[in-house]
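Trainee: Before I ask anything, here is the structure I am working with.
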Number of protein chains: 2
Amino acid sequence: MAFSQRKLTVFCLLLLINIFFSSTGVSADLPSWNNTSTKSAIVSFVKKVTQEGSSDFVPPELRIAVFDNDGTLWAEKPAYVQLLFAIDEIKRLAPEHPKWQKEQPFASILKEDFHSLLTLGKADRLKIISTTQTGMTDTEFNRVVNSWLTDAKNPLTGKPYRNMVYQPMHELLEYLRANGFKTYISSGGGVDFIRALSMSFYGIPPEQVIGSRFKLRYEDDDGHPQIITTDKLDFVNDGVGKAIGISQVIGLRPIFVAGNSDGDLQMLEWSTSGKGPRFGMLIHHTDSKREWSYDSGSKVGHLDKALKAAKLYGWTVVDMTKDWAVVFPQSKVTTPEKEISETPVEDGG
Amino acid sequence: MAFSQRKLTVFCLLLLINIFFSSTGVSADLPSWNNTSTKSAIVSFVKKVTQEGSSDFVPPELRIAVFDNDGTLWAEKPAYVQLLFAIDEIKRLAPEHPKWQKEQPFASILKEDFHSLLTLGKADRLKIISTTQTGMTDTEFNRVVNSWLTDAKNPLTGKPYRNMVYQPMHELLEYLRANGFKTYISSGGGVDFIRALSMSFYGIPPEQVIGSRFKLRYEDDDGHPQIITTDKLDFVNDGVGKAIGISQVIGLRPIFVAGNSDGDLQMLEWSTSGKGPRFGMLIHHTDSKREWSYDSGSKVGHLDKALKAAKLYGWTVVDMTKDWAVVFPQSKVTTPEKEISETPVEDGG
């Protein structure tokens with residue numbers, strides 16, 4: 001026997017200690033958050049709801065945390081990433097659609113008329129999105145999005161989108177999960193677009209993504225059924241819709257909820273006015289040096305009413321300048337953590 | 001020191017062995033299933049998709065299992081439980097609604113005219129359900145359902161509904177979860193009704209229940225927002241709707257899917273025709289002694305097309321008489337495993 005009994009004992013004890021600590025989640029913390037009152041508020045909340053026997057204890061099945069995506073989990077400038085993707089798709093698909101050269105809003109995209117693009121109305125934005133993101137199965141769409149993500153870069157920073165995820169929020173998601181929370185996204189963006197990247201970007205599986213959606217159609221296709229996303233809008237997950245979307249899909253009021261704009265107001269109001277301990281978080285984009293500084297004056301991420309409501313309801317306002325030691329991941333994140341599309345199982349459609 | 005080094009080593013090794021086996025889920029098995037080819041098929045499937053390195057391995061985040069409810073997880077005779085609940089509610093609420101004595105379908109219910117009740121049309125069934133199950137928040141509705149469940153009994157067997165859950169299916173849900181599956185319900189019944197009992201009856205949290213639903217309305221109510229279920233039907237989760245509902249909520253094709261009627265046909269077809277290993281299960285009610293024997297001749301749980309499709313697609317047909325050693329729990333199950341409504345957190349609304 002190569003091991004002495006003493007060595008075996010030490011080895012067993014170390015293994016047990018390791019198993020114990022890896023299963024309690026104590027290793028997850030919030031290194032990119034400064035030691036401000038914001039971080040203390042998060043940690044105190046999580047401690048009180050996870051402490052068995054405490055009057056504020058919340059059982060794991062009710063620890064639901066919901067996050068807005070654009071401007072809360074990743075950057076939303078110069079425009080929502082889904083719209084930037086759609087614009088790139090129009091360019092990629094243009095050779096097959098010669099009439100787009102003269103048809104709006106496609107013509108503006110192909111001419112790279114940025115001024116027109118930044119002032120697109122709702123109908124035009126919807127047209128661009130339905131043209132590029134409907135009429136196919138989830139599986140087909142996942143492939144297109146993930147192929148785009150391989151090379152696409154934010155036009156203002158030149159960084160891949162994976163590196164435009166807020167590092168402190170990534171840590172917060174992991175910290176909550178390590179403490180038994182189930183983390184969800186509730187976005188005004190299209191559910192299919194976010195589902196295509198939610199696992200690899202945020203560790204959030206597709207079934208924990210709620211978003212705006214088009215109607216779905218079942219096609220038999222000779223014994224090989226498929227579900228096709230049609231171009232008919234079904235549900236807009238914004239404002240009041242965000243509270244309704246959560247109620248529809250989750251059936252519970254979240255106890256932790258985070259957003260950054262007036263589109264998140266009702267989701268925050270509804271979630272934090274339930275009984276028992278609640279945590280409302282509002283990301284305030286104050287950092288013009290490391291990110292962008294904006295709130296009530298901005299079309300994308302307009303924040304005014306929700307900032308006033310924060311005082312009334314006692315939500316925690318994250319001041320990016322003061323509360324975040326780091327905004328974006330500091331090393332280049334190139335390897336996807338996990339790509340669902342690489343598995344042997346077809347993931348959608 | 002009370003322990004000798006040898007005793008400490010043995011203790012550590014035993015603890016490690018215990019931790020190892022409790023984390024692999026090998027303790028969960030299927031005692032109420034007879035040792036037939038059906039049980040072997042289930043166990044082989046679960047083994048191959050959970051074996052790392054195997055070409056059939058499916059990562060945990062894709063191990064989605066979806067179950068129909070009525071006739072698959074619990075008994076559906078003499079009528080769907082939700083309808084029996086609604087009938088009891090009409091009786092309970094009748095004193096506040098004197099006009100119901102002369103208004104159909106309420107009058108038939110109050111006269112206990114069972115012949116009329118068993119032949120109710122879709123519109124009348126919907127009227128009974130919307131009258132008793134809309135116009136309130138989830139939280140209020142949860143309370144009503146759970147109060148009813150305390151005393152309610154199946155009119156044919158006299159058993160509480162908790163004892164009308166199929167014991168082998170309860171074990172199957174636990175077996176799948178112990179092997180890393182996420183278990184869902186997809187029912188033609190109302191999502192709110194099933195969510196009110198899914199955790200205590202099946203260990204399935206409300207966010208893993210998909211069902212038919214009414215439209216929801218957000219009400220501000222002077223800074224105390226509430227979400228009210230309206231009486232306007234929003235989505236019927238049946239037939240093609242079951243495949244669409246899963247795609248909408250989960251965004252993935254399940255790899256394991258179980259049903260018992262033609263209403264489950266498209267859900268089974270769509271799920272099992274995805275790439276990679278798939279398991280389709282059809283519960284065939286063959287047992288007139290311990291339960292009821294029915295299929296193509298039955299209005300509730302009509303099974304004809306799906307039984308033919310089972311051969312074509314290679315689904316496993318569960319013959320209740322042959323495959324199940326036990327149908328219902330043998331001891332009276334009276335203590336709820338877990339009641340969400342007892343927690344300090346408001347669970348819905």
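Chain labels run A, B, ... following the order of the structure tokens; each chain numbers its residues from 1, and ligands are numbered from 1 in the order shown.
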Run DSSP on the backbone and grab whatever in region 13-106 of chain B lands in strand (DSSP E or B); send it over as a list of chain:residue names.
Mentor: B:Trp33, B:Ile64, B:Ala65, B:Val66, B:Phe67, B:Asp70, B:Trp74
Trainee: For the residues in that selection, give me C-alpha atoms as a short mmCIF file (atom, residue, chain, number, x, y, z; two decimals), in the first residue's frame.
Mentor:
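Written output follows (again-v4.cif):
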data_model
loop_
_atom_site.label_atom_id
_atom_site.label_comp_id
_atom_site.auth_asym_id
_atom_site.auth_seq_id
_atom_site.Cartn_x
_atom_site.Cartn_y
_atom_site.Cartn_z
CA TRP B 33 -43.24 -0.62 -11.36
CA ILE B 64 -36.26 18.30 -19.87
CA ALA B 65 -39.12 15.90 -19.08
CA VAL B 66 -42.73 16.96 -19.68
CA PHE B 67 -45.84 15.23 -18.32
CA ASP B 70 -55.07 14.43 -16.11
CA TRP B 74 -53.54 11.49 -11.53
#
Trainee: So that I can see what lies close to Gly241 (chain A), please list as a PyMOL selection string the residues with an atom at most 9 Å from it, counting only C-alpha atoms and leaving out residues fewer than 2 positions away in the same chain.
Mentor: (chain A and resi 188+212+235-239+243-246+266-267) or (chain B and resi 218)
Trainee: Would you export the selected residues with N, CA, C and O atoms as a compact mmCIF listing (two decimals), in the first residue's frame, please?
Mentor:
# COMPACT_ATOMS: atom_id res chain seq x y z
N GLY A 188 -37.46 43.25 -22.71
CA GLY A 188 -38.34 43.76 -23.76
C GLY A 188 -37.92 43.20 -25.11
O GLY A 188 -38.70 43.20 -26.06
N SER A 212 -40.27 39.44 -25.29
CA SER A 212 -41.32 39.68 -26.28
C SER A 212 -41.30 38.51 -27.25
O SER A 212 -40.27 37.86 -27.45
N PHE A 235 -46.77 39.02 -28.04
CA PHE A 235 -46.71 39.58 -26.68
C PHE A 235 -45.52 40.52 -26.57
O PHE A 235 -44.40 40.16 -26.96
N VAL A 236 -45.77 41.72 -26.03
CA VAL A 236 -44.69 42.69 -25.83
C VAL A 236 -44.35 42.73 -24.34
O VAL A 236 -45.15 43.15 -23.52
N ASN A 237 -43.17 42.24 -24.02
CA ASN A 237 -42.74 42.11 -22.62
C ASN A 237 -42.05 43.40 -22.16
O ASN A 237 -40.83 43.44 -21.97
N ASP A 238 -42.84 44.44 -21.97
CA ASP A 238 -42.29 45.74 -21.57
C ASP A 238 -43.30 46.45 -20.70
O ASP A 238 -44.51 46.27 -20.88
N GLY A 239 -42.83 47.24 -19.75
CA GLY A 239 -43.72 47.99 -18.86
C GLY A 239 -44.62 47.04 -18.08
O GLY A 239 -44.14 46.10 -17.45
N ALA A 243 -44.49 42.61 -15.84
CA ALA A 243 -45.09 41.99 -14.65
C ALA A 243 -46.00 40.84 -15.10
O ALA A 243 -45.98 39.76 -14.51
N ILE A 244 -46.76 41.08 -16.15
CA ILE A 244 -47.67 40.05 -16.65
C ILE A 244 -46.90 38.84 -17.18
O ILE A 244 -47.25 37.68 -16.91
N GLY A 245 -45.82 39.10 -17.90
CA GLY A 245 -44.99 38.01 -18.44
C GLY A 245 -44.44 37.12 -17.34
O GLY A 245 -44.43 35.89 -17.45
N ILE A 246 -44.00 37.72 -16.25
CA ILE A 246 -43.47 36.95 -15.12
C ILE A 246 -44.58 36.12 -14.49
O ILE A 246 -44.41 34.94 -14.18
N GLN A 266 -42.98 48.73 -13.63
CA GLN A 266 -44.07 47.90 -13.06
C GLN A 266 -43.56 46.56 -12.56
O GLN A 266 -44.05 46.03 -11.57
N MET A 267 -42.58 45.97 -13.26
CA MET A 267 -41.98 44.71 -12.80
C MET A 267 -41.40 44.91 -11.40
O MET A 267 -41.59 44.08 -10.50
N TYR B 218 -52.97 43.95 -15.19
CA TYR B 218 -52.19 44.60 -14.14
C TYR B 218 -53.03 45.71 -13.53
O TYR B 218 -53.56 46.54 -14.25
Trainee: Among region 23-173 of chain A, which residues carry a DSSP assignment of alpha helix (DSSP H), reported as a ChimeraX atom specification?
Mentor: /A:23-24,37-50,81-93,106-110,114-118,122-133,138-151,167-173
Trainee: Which is closest to chain B among A:Phe328, A:Phe57, A:Phe201, A:Tyr80, if we use only C-alpha atoms?
Mentor: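 For chain B, the nearest of the given residues is A:Phe57.
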Trainee: For region 127-132 of chain A, find every residue with an atom within 7 Å (counting only C-alpha atoms), except residues of its own chain fewer than 4 positions away, and show them as JSON, numbers by chain.
Mentor: {"A": [86, 89, 90, 123, 231]}
Trainee: Can you pull out the residues contacting region 307-322 of chain B? Cut-off 10 Å, using only C-alpha atoms, and skip same-chain residues under 4 positions away; I want them as a VMD selection string.
Mentor: (chain A and resid 223) or (chain B and resid 33 to 39 41 to 42 168 257 to 262 265 268 to 269 272 to 273 278 to 293 295 to 296 303 326 to 327)
Trainee: Could you give me, as a PyMOL selection string, the residues within 7 Å of Asp192 (chain A), counting only C-alpha atoms and dropping anything in the same chain fewer than 3 positions from it?
Mentor: chain A and resi 138+195-196
Trainee: Please, could you write that set of residues out with C-alpha atoms as an mmCIF file, in the first residue's frame?
Mentor:
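Output file part28.cif follows:
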data_model
loop_
_atom_site.group_PDB
_atom_site.id
_atom_site.type_symbol
_atom_site.label_atom_id
_atom_site.label_comp_id
_atom_site.auth_asym_id
_atom_site.auth_seq_id
_atom_site.Cartn_x
_atom_site.Cartn_y
_atom_site.Cartn_z
ATOM 1 C CA ASP A 138 -35.480 28.054 -32.825
ATOM 2 C CA ARG A 195 -32.323 32.290 -25.458
ATOM 3 C CA ALA A 196 -29.710 31.730 -28.170
#
Trainee: What's around Gly180 (chain A) at 10 Å? Count only C-alpha atoms, leave out sequence neighbours fewer than 5 positions away in its own chain, and write the answer as an MDAnalysis selection string.
Mentor: chainID A and resid 24:25 46 50 59:64 174:175
Trainee: Keeping only C-alpha atoms, write the selected residues as a CSV table (one decimal), in the first residue's frame.
Mentor:
chain,number,residue,atom,x,y,z
A,24,THR,CA,-22.3,25.5,0.4
A,25,GLY,CA,-21.4,28.0,-2.3
A,46,VAL,CA,-29.1,37.3,0.7
A,50,THR,CA,-31.1,32.1,3.3
A,59,PRO,CA,-37.4,28.5,1.0
A,60,PRO,CA,-35.3,27.8,-2.1
A,61,GLU,CA,-38.3,27.2,-4.3
A,62,LEU,CA,-39.4,30.8,-3.7
A,63,ARG,CA,-36.0,32.4,-4.3
A,64,ILE,CA,-36.8,33.7,-7.7
A,174,GLU,CA,-23.5,33.5,-9.7
A,175,TYR,CA,-23.7,34.7,-6.1
